[in-house]
Amino acid sequence: MEQHDVDRSVREVLAGRLEVYRDLIGLSEGRVRLVLASLLPDPAALDDLAQAVYVHVYDRLRDYRPGTDFLAWVREIARHYALNERRRWTRRREATRRYRVRLEQALESGSPRSGDEDALDALRDCVGRLEKTSRSVVEAYYWDGRPGPAIAEELGRSAEWVRIILHRAPAAVGRCLDATGVLHLS
C-alpha cells in the first residue's frame, strides 16, 4: 500500500468508516507481532498485547501525521507496549520470588510464633479463603509447580488472567497470614 493510500485510509477511518481499519491492521499486523514477539518474555501474552496495541492505535489515530511512516508509528507503539509488559512481567517475577523467599525464610528460621505446623495450617487456611478459582490457580502454580500457560489452558482462561491472579493472590495471602499473627512478613 502506497503512503498516500495509507493516509487516505486513516482519513476514512477517522471519518467513521471502521471497516477500513481492518486494512490498516492487515498492513501492519505482521510487523507489530514481530516487534511484540521479539520483546515479550512470555509468548502467551502476544495475542492480548497485539489487540491492546490496535485499540490504542485506533484511539490515537488522530495523532498520526499524514505523510509520515504509518508502519513506523504503529511499530513504535507496539514497542512501547512490549517494553511496558516486559517491565510488569519482571516486577511480578521479582515480587513472587521475594514473597517465596520471605515465606521460606520465615518457616525455616522458626519465626512462626506458634510453630511450623501452625504456620503451615495458617498458610493452608489463608489460601483456602481465596475465591475458588483463585485458590485453584495458586495451588496449581505454587504447590504443584505447574506453569501459568498450562493452568490457563486447563481453566479455559487467558495466560494474562492467570498472571493477574498470581499477582494479586500472594498479597491477599500475605495480609491474611499477617492478620493471624502466625507470621510477620513485613
# chains A, B, ... in the order shown; residues from 1 in each chain; ligands from 1
$ residues_around --residues "segment 24-29 of chain A" --least-positions-apart "6" --cutoff "9 Å" --atoms "only C-alpha atoms" --output "PyMOL selection string"
chain A and resi 1+6+9-10+50+54+70-71+74-75
$ residues_around --residues "Tyr141 of chain A" --least-positions-apart "6" --cutoff "9 Å" --atoms "only C-alpha atoms" --output "list in words"
Pro147, Gly148, Ile151 and Leu166 of chain A
$ closest_residue --among "A:Val162, A:Ala171, A:Val101, A:Ala122" --to "Ser134 of chain A" --atoms "only C-alpha atoms"
A:Val162
$ select_by_dssp --residues "chain A" --states "helix (DSSP H, G or I)" --output "ChimeraX atom specification"
/A:3-14,19-39,43-59,61-63,70-109,116-128,132-143,148-155,159-180
$ write_last_selection --atoms "C-alpha atoms" --output "CSV table (one decimal), in the first residue's frame"
chain,number,residue,atom,x,y,z
A,3,GLN,CA,1.9,6.2,1.5
A,4,HIS,CA,-1.0,8.2,0.0
A,5,ASP,CA,-3.2,5.2,0.2
A,6,VAL,CA,-2.4,4.7,3.9
A,7,ASP,CA,-3.1,8.4,4.6
A,8,ARG,CA,-6.4,8.1,2.8
A,9,SER,CA,-7.3,5.0,4.8
A,10,VAL,CA,-6.5,6.8,8.0
A,11,ARG,CA,-8.8,9.8,7.0
A,12,GLU,CA,-11.6,7.3,6.1
A,13,VAL,CA,-11.3,5.6,9.5
A,14,LEU,CA,-11.4,9.0,11.2
A,19,GLU,CA,-14.2,-1.4,8.1
A,20,VAL,CA,-11.2,0.4,6.5
A,21,TYR,CA,-9.4,-0.1,9.8
A,22,ARG,CA,-9.1,-3.8,9.0
A,23,ASP,CA,-7.0,-2.9,6.1
A,24,LEU,CA,-4.6,-0.9,8.3
A,25,ILE,CA,-4.4,-3.7,10.7
A,26,GLY,CA,-3.7,-6.2,7.9
A,27,LEU,CA,-1.0,-3.9,6.6
A,28,SER,CA,0.9,-3.7,9.9
A,29,GLU,CA,-0.1,-6.8,11.9
A,30,GLY,CA,2.9,-8.9,10.9
A,31,ARG,CA,5.4,-6.2,11.8
A,32,VAL,CA,3.5,-5.5,15.1
A,33,ARG,CA,3.6,-9.2,16.1
A,34,LEU,CA,7.2,-9.4,15.2
A,35,VAL,CA,8.1,-6.4,17.4
A,36,LEU,CA,6.0,-7.9,20.3
A,37,ALA,CA,7.4,-11.4,20.0
A,38,SER,CA,10.9,-10.1,19.9
A,39,LEU,CA,10.5,-8.2,23.2
A,43,PRO,CA,4.8,-15.6,24.2
A,44,ALA,CA,1.3,-16.4,25.7
A,45,ALA,CA,0.8,-12.6,26.0
A,46,LEU,CA,1.2,-11.9,22.3
A,47,ASP,CA,-2.4,-12.0,21.2
A,48,ASP,CA,-3.7,-10.0,24.0
A,49,LEU,CA,-1.0,-7.4,23.7
A,50,ALA,CA,-1.4,-7.1,19.9
A,51,GLN,CA,-5.1,-6.5,20.5
A,52,ALA,CA,-4.3,-3.8,23.0
A,53,VAL,CA,-1.9,-2.2,20.6
A,54,TYR,CA,-4.6,-1.9,17.9
A,55,VAL,CA,-7.1,-0.5,20.4
A,56,HIS,CA,-4.5,2.1,21.3
A,57,VAL,CA,-3.6,2.9,17.7
A,58,TYR,CA,-7.3,3.4,16.9
A,59,ASP,CA,-7.8,5.6,20.0
A,61,LEU,CA,-5.3,7.7,15.2
A,62,ARG,CA,-5.9,11.5,15.3
A,63,ASP,CA,-2.3,11.8,16.5
A,70,PHE,CA,2.4,4.8,9.4
A,71,LEU,CA,4.1,1.5,9.9
A,72,ALA,CA,6.9,3.0,11.9
A,73,TRP,CA,4.4,4.9,14.0
A,74,VAL,CA,2.5,1.7,14.8
A,75,ARG,CA,5.7,-0.3,15.4
A,76,GLU,CA,6.8,2.3,17.9
A,77,ILE,CA,3.5,2.0,19.8
A,78,ALA,CA,3.9,-1.8,19.8
A,79,ARG,CA,7.5,-1.5,21.1
A,80,HIS,CA,6.3,0.7,24.0
A,81,TYR,CA,3.6,-1.8,24.8
A,82,ALA,CA,6.0,-4.7,24.7
A,83,LEU,CA,8.6,-2.9,26.9
A,84,ASN,CA,5.9,-2.0,29.4
A,85,GLU,CA,4.7,-5.6,29.5
A,86,ARG,CA,8.3,-6.8,30.0
A,87,ARG,CA,8.7,-4.4,33.0
A,88,ARG,CA,5.4,-5.6,34.5
A,89,TRP,CA,6.5,-9.2,34.0
A,90,THR,CA,9.8,-8.6,35.6
A,91,ARG,CA,8.2,-6.9,38.6
A,92,ARG,CA,5.7,-9.8,39.0
A,93,ARG,CA,8.5,-12.4,38.9
A,94,GLU,CA,10.6,-10.4,41.4
A,95,ALA,CA,7.7,-9.9,43.7
A,96,THR,CA,6.8,-13.6,43.5
A,97,ARG,CA,10.4,-14.5,44.2
A,98,ARG,CA,10.6,-12.1,47.2
A,99,TYR,CA,7.4,-13.5,48.6
A,100,ARG,CA,8.5,-17.1,48.3
A,101,VAL,CA,11.9,-16.3,49.8
A,102,ARG,CA,10.4,-14.4,52.8
A,103,LEU,CA,7.9,-17.1,53.4
A,104,GLU,CA,10.5,-19.9,53.2
A,105,GLN,CA,12.8,-17.9,55.5
A,106,ALA,CA,10.1,-17.4,58.0
A,107,LEU,CA,9.3,-21.1,58.0
A,108,GLU,CA,12.9,-22.1,58.2
A,109,SER,CA,14.0,-19.6,60.8
A,116,ASP,CA,5.9,-24.7,62.0
A,117,GLU,CA,2.7,-26.8,62.0
A,118,ASP,CA,0.6,-23.8,63.0
A,119,ALA,CA,2.3,-21.7,60.3
A,120,LEU,CA,1.6,-24.3,57.6
A,121,ASP,CA,-2.0,-24.6,58.9
A,122,ALA,CA,-2.4,-20.8,58.7
A,123,LEU,CA,-1.0,-20.8,55.2
A,124,ARG,CA,-3.4,-23.5,54.1
A,125,ASP,CA,-6.3,-21.7,55.8
A,126,CYS,CA,-5.4,-18.4,54.1
A,127,VAL,CA,-5.0,-20.0,50.7
A,128,GLY,CA,-8.3,-21.7,51.4
A,132,LYS,CA,-12.4,-21.0,44.5
A,133,THR,CA,-10.8,-20.2,41.1
A,134,SER,CA,-8.0,-18.1,42.5
A,135,ARG,CA,-7.3,-20.8,45.1
A,136,SER,CA,-7.0,-23.5,42.3
A,137,VAL,CA,-4.6,-21.2,40.4
A,138,VAL,CA,-2.5,-20.6,43.4
A,139,GLU,CA,-2.4,-24.2,44.4
A,140,ALA,CA,-1.5,-25.3,40.9
A,141,TYR,CA,1.2,-22.8,40.5
A,142,TYR,CA,2.8,-22.7,43.9
A,143,TRP,CA,2.2,-26.1,45.3
A,148,GLY,CA,0.9,-20.3,34.2
A,149,PRO,CA,0.1,-21.0,30.5
A,150,ALA,CA,-0.8,-24.7,31.3
A,151,ILE,CA,-3.0,-23.5,34.1
A,152,ALA,CA,-4.7,-21.0,31.8
A,153,GLU,CA,-5.4,-23.8,29.2
A,154,GLU,CA,-6.8,-26.1,31.9
A,155,LEU,CA,-9.2,-23.4,33.1
A,159,ALA,CA,-2.5,-16.5,30.4
A,160,GLU,CA,-2.8,-12.8,31.3
A,161,TRP,CA,-5.8,-13.7,33.6
A,162,VAL,CA,-3.6,-16.3,35.4
A,163,ARG,CA,-0.8,-13.7,35.7
A,164,ILE,CA,-3.2,-11.3,37.3
A,165,ILE,CA,-4.4,-13.9,39.8
A,166,LEU,CA,-0.8,-14.8,40.6
A,167,HIS,CA,-0.1,-11.1,41.1
A,168,ARG,CA,-3.0,-10.4,43.5
A,169,ALA,CA,-3.3,-13.7,45.4
A,170,PRO,CA,0.1,-13.6,47.2
A,171,ALA,CA,-0.7,-10.2,48.6
A,172,ALA,CA,-4.1,-11.4,49.9
A,173,VAL,CA,-2.5,-14.5,51.5
A,174,GLY,CA,0.3,-12.3,53.0
A,175,ARG,CA,-2.3,-10.0,54.6
A,176,CYS,CA,-4.2,-13.0,55.9
A,177,LEU,CA,-1.0,-14.5,57.4
A,178,ASP,CA,-0.1,-11.2,59.0
A,179,ALA,CA,-3.6,-10.8,60.4
A,180,THR,CA,-3.4,-14.3,62.0
$ decode --residues "segment 44-159 of chain A" --atoms "C-alpha atoms" --output "mmCIF file, in the first residue's frame"
data_model
loop_
_atom_site.group_PDB
_atom_site.id
_atom_site.type_symbol
_atom_site.label_atom_id
_atom_site.label_comp_id
_atom_site.auth_asym_id
_atom_site.auth_seq_id
_atom_site.Cartn_x
_atom_site.Cartn_y
_atom_site.Cartn_z
ATOM 1 C CA ALA A 44 1.349 -16.353 25.687
ATOM 2 C CA ALA A 45 0.762 -12.598 26.039
ATOM 3 C CA LEU A 46 1.243 -11.921 22.316
ATOM 4 C CA ASP A 47 -2.394 -12.033 21.162
ATOM 5 C CA ASP A 48 -3.739 -9.963 24.044
ATOM 6 C CA LEU A 49 -0.998 -7.378 23.673
ATOM 7 C CA ALA A 50 -1.441 -7.146 19.882
ATOM 8 C CA GLN A 51 -5.123 -6.459 20.457
ATOM 9 C CA ALA A 52 -4.278 -3.792 23.043
ATOM 10 C CA VAL A 53 -1.862 -2.165 20.581
ATOM 11 C CA TYR A 54 -4.563 -1.910 17.922
ATOM 12 C CA VAL A 55 -7.091 -0.486 20.370
ATOM 13 C CA HIS A 56 -4.504 2.129 21.328
ATOM 14 C CA VAL A 57 -3.646 2.861 17.689
ATOM 15 C CA TYR A 58 -7.329 3.359 16.943
ATOM 16 C CA ASP A 59 -7.791 5.619 19.962
ATOM 17 C CA ARG A 60 -4.747 7.698 18.964
ATOM 18 C CA LEU A 61 -5.292 7.680 15.202
ATOM 19 C CA ARG A 62 -5.869 11.450 15.266
ATOM 20 C CA ASP A 63 -2.266 11.823 16.473
ATOM 21 C CA TYR A 64 -0.875 10.176 13.347
ATOM 22 C CA ARG A 65 0.624 12.773 10.994
ATOM 23 C CA PRO A 66 -0.230 12.104 7.337
ATOM 24 C CA GLY A 67 2.832 11.896 5.159
ATOM 25 C CA THR A 68 4.878 10.183 7.859
ATOM 26 C CA ASP A 69 5.580 6.458 8.036
ATOM 27 C CA PHE A 70 2.411 4.844 9.426
ATOM 28 C CA LEU A 71 4.103 1.483 9.897
ATOM 29 C CA ALA A 72 6.937 3.025 11.898
ATOM 30 C CA TRP A 73 4.386 4.870 14.045
ATOM 31 C CA VAL A 74 2.467 1.652 14.795
ATOM 32 C CA ARG A 75 5.686 -0.322 15.404
ATOM 33 C CA GLU A 76 6.815 2.283 17.931
ATOM 34 C CA ILE A 77 3.516 1.990 19.799
ATOM 35 C CA ALA A 78 3.919 -1.812 19.791
ATOM 36 C CA ARG A 79 7.486 -1.475 21.055
ATOM 37 C CA HIS A 80 6.339 0.674 23.992
ATOM 38 C CA TYR A 81 3.572 -1.792 24.838
ATOM 39 C CA ALA A 82 6.032 -4.700 24.747
ATOM 40 C CA LEU A 83 8.581 -2.895 26.903
ATOM 41 C CA ASN A 84 5.899 -1.968 29.448
ATOM 42 C CA GLU A 85 4.692 -5.576 29.537
ATOM 43 C CA ARG A 86 8.284 -6.752 29.964
ATOM 44 C CA ARG A 87 8.697 -4.404 32.957
ATOM 45 C CA ARG A 88 5.406 -5.628 34.505
ATOM 46 C CA TRP A 89 6.455 -9.245 33.967
ATOM 47 C CA THR A 90 9.843 -8.600 35.605
ATOM 48 C CA ARG A 91 8.218 -6.878 38.593
ATOM 49 C CA ARG A 92 5.739 -9.750 39.021
ATOM 50 C CA ARG A 93 8.504 -12.364 38.899
ATOM 51 C CA GLU A 94 10.610 -10.408 41.374
ATOM 52 C CA ALA A 95 7.656 -9.897 43.737
ATOM 53 C CA THR A 96 6.800 -13.595 43.540
ATOM 54 C CA ARG A 97 10.416 -14.526 44.208
ATOM 55 C CA ARG A 98 10.619 -12.147 47.186
ATOM 56 C CA TYR A 99 7.355 -13.479 48.599
ATOM 57 C CA ARG A 100 8.517 -17.087 48.301
ATOM 58 C CA VAL A 101 11.907 -16.278 49.828
ATOM 59 C CA ARG A 102 10.360 -14.389 52.755
ATOM 60 C CA LEU A 103 7.867 -17.139 53.430
ATOM 61 C CA GLU A 104 10.533 -19.852 53.222
ATOM 62 C CA GLN A 105 12.850 -17.862 55.482
ATOM 63 C CA ALA A 106 10.091 -17.356 57.999
ATOM 64 C CA LEU A 107 9.271 -21.052 58.012
ATOM 65 C CA GLU A 108 12.922 -22.145 58.169
ATOM 66 C CA SER A 109 14.039 -19.638 60.787
ATOM 67 C CA GLY A 110 11.420 -20.612 63.281
ATOM 68 C CA SER A 111 9.921 -17.134 63.300
ATOM 69 C CA PRO A 112 6.405 -18.520 63.296
ATOM 70 C CA ARG A 113 5.293 -17.812 66.829
ATOM 71 C CA SER A 114 3.156 -20.911 67.145
ATOM 72 C CA GLY A 115 5.491 -23.400 65.464
ATOM 73 C CA ASP A 116 5.894 -24.679 61.958
ATOM 74 C CA GLU A 117 2.740 -26.754 61.958
ATOM 75 C CA ASP A 118 0.642 -23.760 62.996
ATOM 76 C CA ALA A 119 2.274 -21.668 60.273
ATOM 77 C CA LEU A 120 1.553 -24.281 57.625
ATOM 78 C CA ASP A 121 -2.014 -24.630 58.868
ATOM 79 C CA ALA A 122 -2.395 -20.842 58.712
ATOM 80 C CA LEU A 123 -0.979 -20.803 55.194
ATOM 81 C CA ARG A 124 -3.388 -23.527 54.093
ATOM 82 C CA ASP A 125 -6.251 -21.680 55.786
ATOM 83 C CA CYS A 126 -5.367 -18.359 54.121
ATOM 84 C CA VAL A 127 -5.045 -19.951 50.691
ATOM 85 C CA GLY A 128 -8.339 -21.737 51.395
ATOM 86 C CA ARG A 129 -10.034 -18.368 51.967
ATOM 87 C CA LEU A 130 -9.285 -17.271 48.408
ATOM 88 C CA GLU A 131 -12.111 -17.419 45.897
ATOM 89 C CA LYS A 132 -12.365 -20.963 44.466
ATOM 90 C CA THR A 133 -10.819 -20.232 41.062
ATOM 91 C CA SER A 134 -8.043 -18.102 42.546
ATOM 92 C CA ARG A 135 -7.336 -20.836 45.057
ATOM 93 C CA SER A 136 -7.015 -23.453 42.319
ATOM 94 C CA VAL A 137 -4.618 -21.208 40.357
ATOM 95 C CA VAL A 138 -2.468 -20.562 43.442
ATOM 96 C CA GLU A 139 -2.356 -24.225 44.409
ATOM 97 C CA ALA A 140 -1.526 -25.330 40.859
ATOM 98 C CA TYR A 141 1.239 -22.763 40.471
ATOM 99 C CA TYR A 142 2.845 -22.665 43.914
ATOM 100 C CA TRP A 143 2.171 -26.134 45.281
ATOM 101 C CA ASP A 144 2.069 -28.263 42.128
ATOM 102 C CA GLY A 145 4.657 -26.196 40.242
ATOM 103 C CA ARG A 146 2.627 -26.047 37.028
ATOM 104 C CA PRO A 147 3.401 -23.191 34.596
ATOM 105 C CA GLY A 148 0.922 -20.340 34.156
ATOM 106 C CA PRO A 149 0.089 -21.042 30.477
ATOM 107 C CA ALA A 150 -0.759 -24.663 31.320
ATOM 108 C CA ILE A 151 -3.030 -23.523 34.132
ATOM 109 C CA ALA A 152 -4.709 -21.038 31.786
ATOM 110 C CA GLU A 153 -5.363 -23.769 29.241
ATOM 111 C CA GLU A 154 -6.776 -26.136 31.880
ATOM 112 C CA LEU A 155 -9.163 -23.449 33.125
ATOM 113 C CA GLY A 156 -10.072 -22.115 29.678
ATOM 114 C CA ARG A 157 -8.745 -18.672 30.565
ATOM 115 C CA SER A 158 -6.044 -16.420 29.147
ATOM 116 C CA ALA A 159 -2.460 -16.506 30.366
#
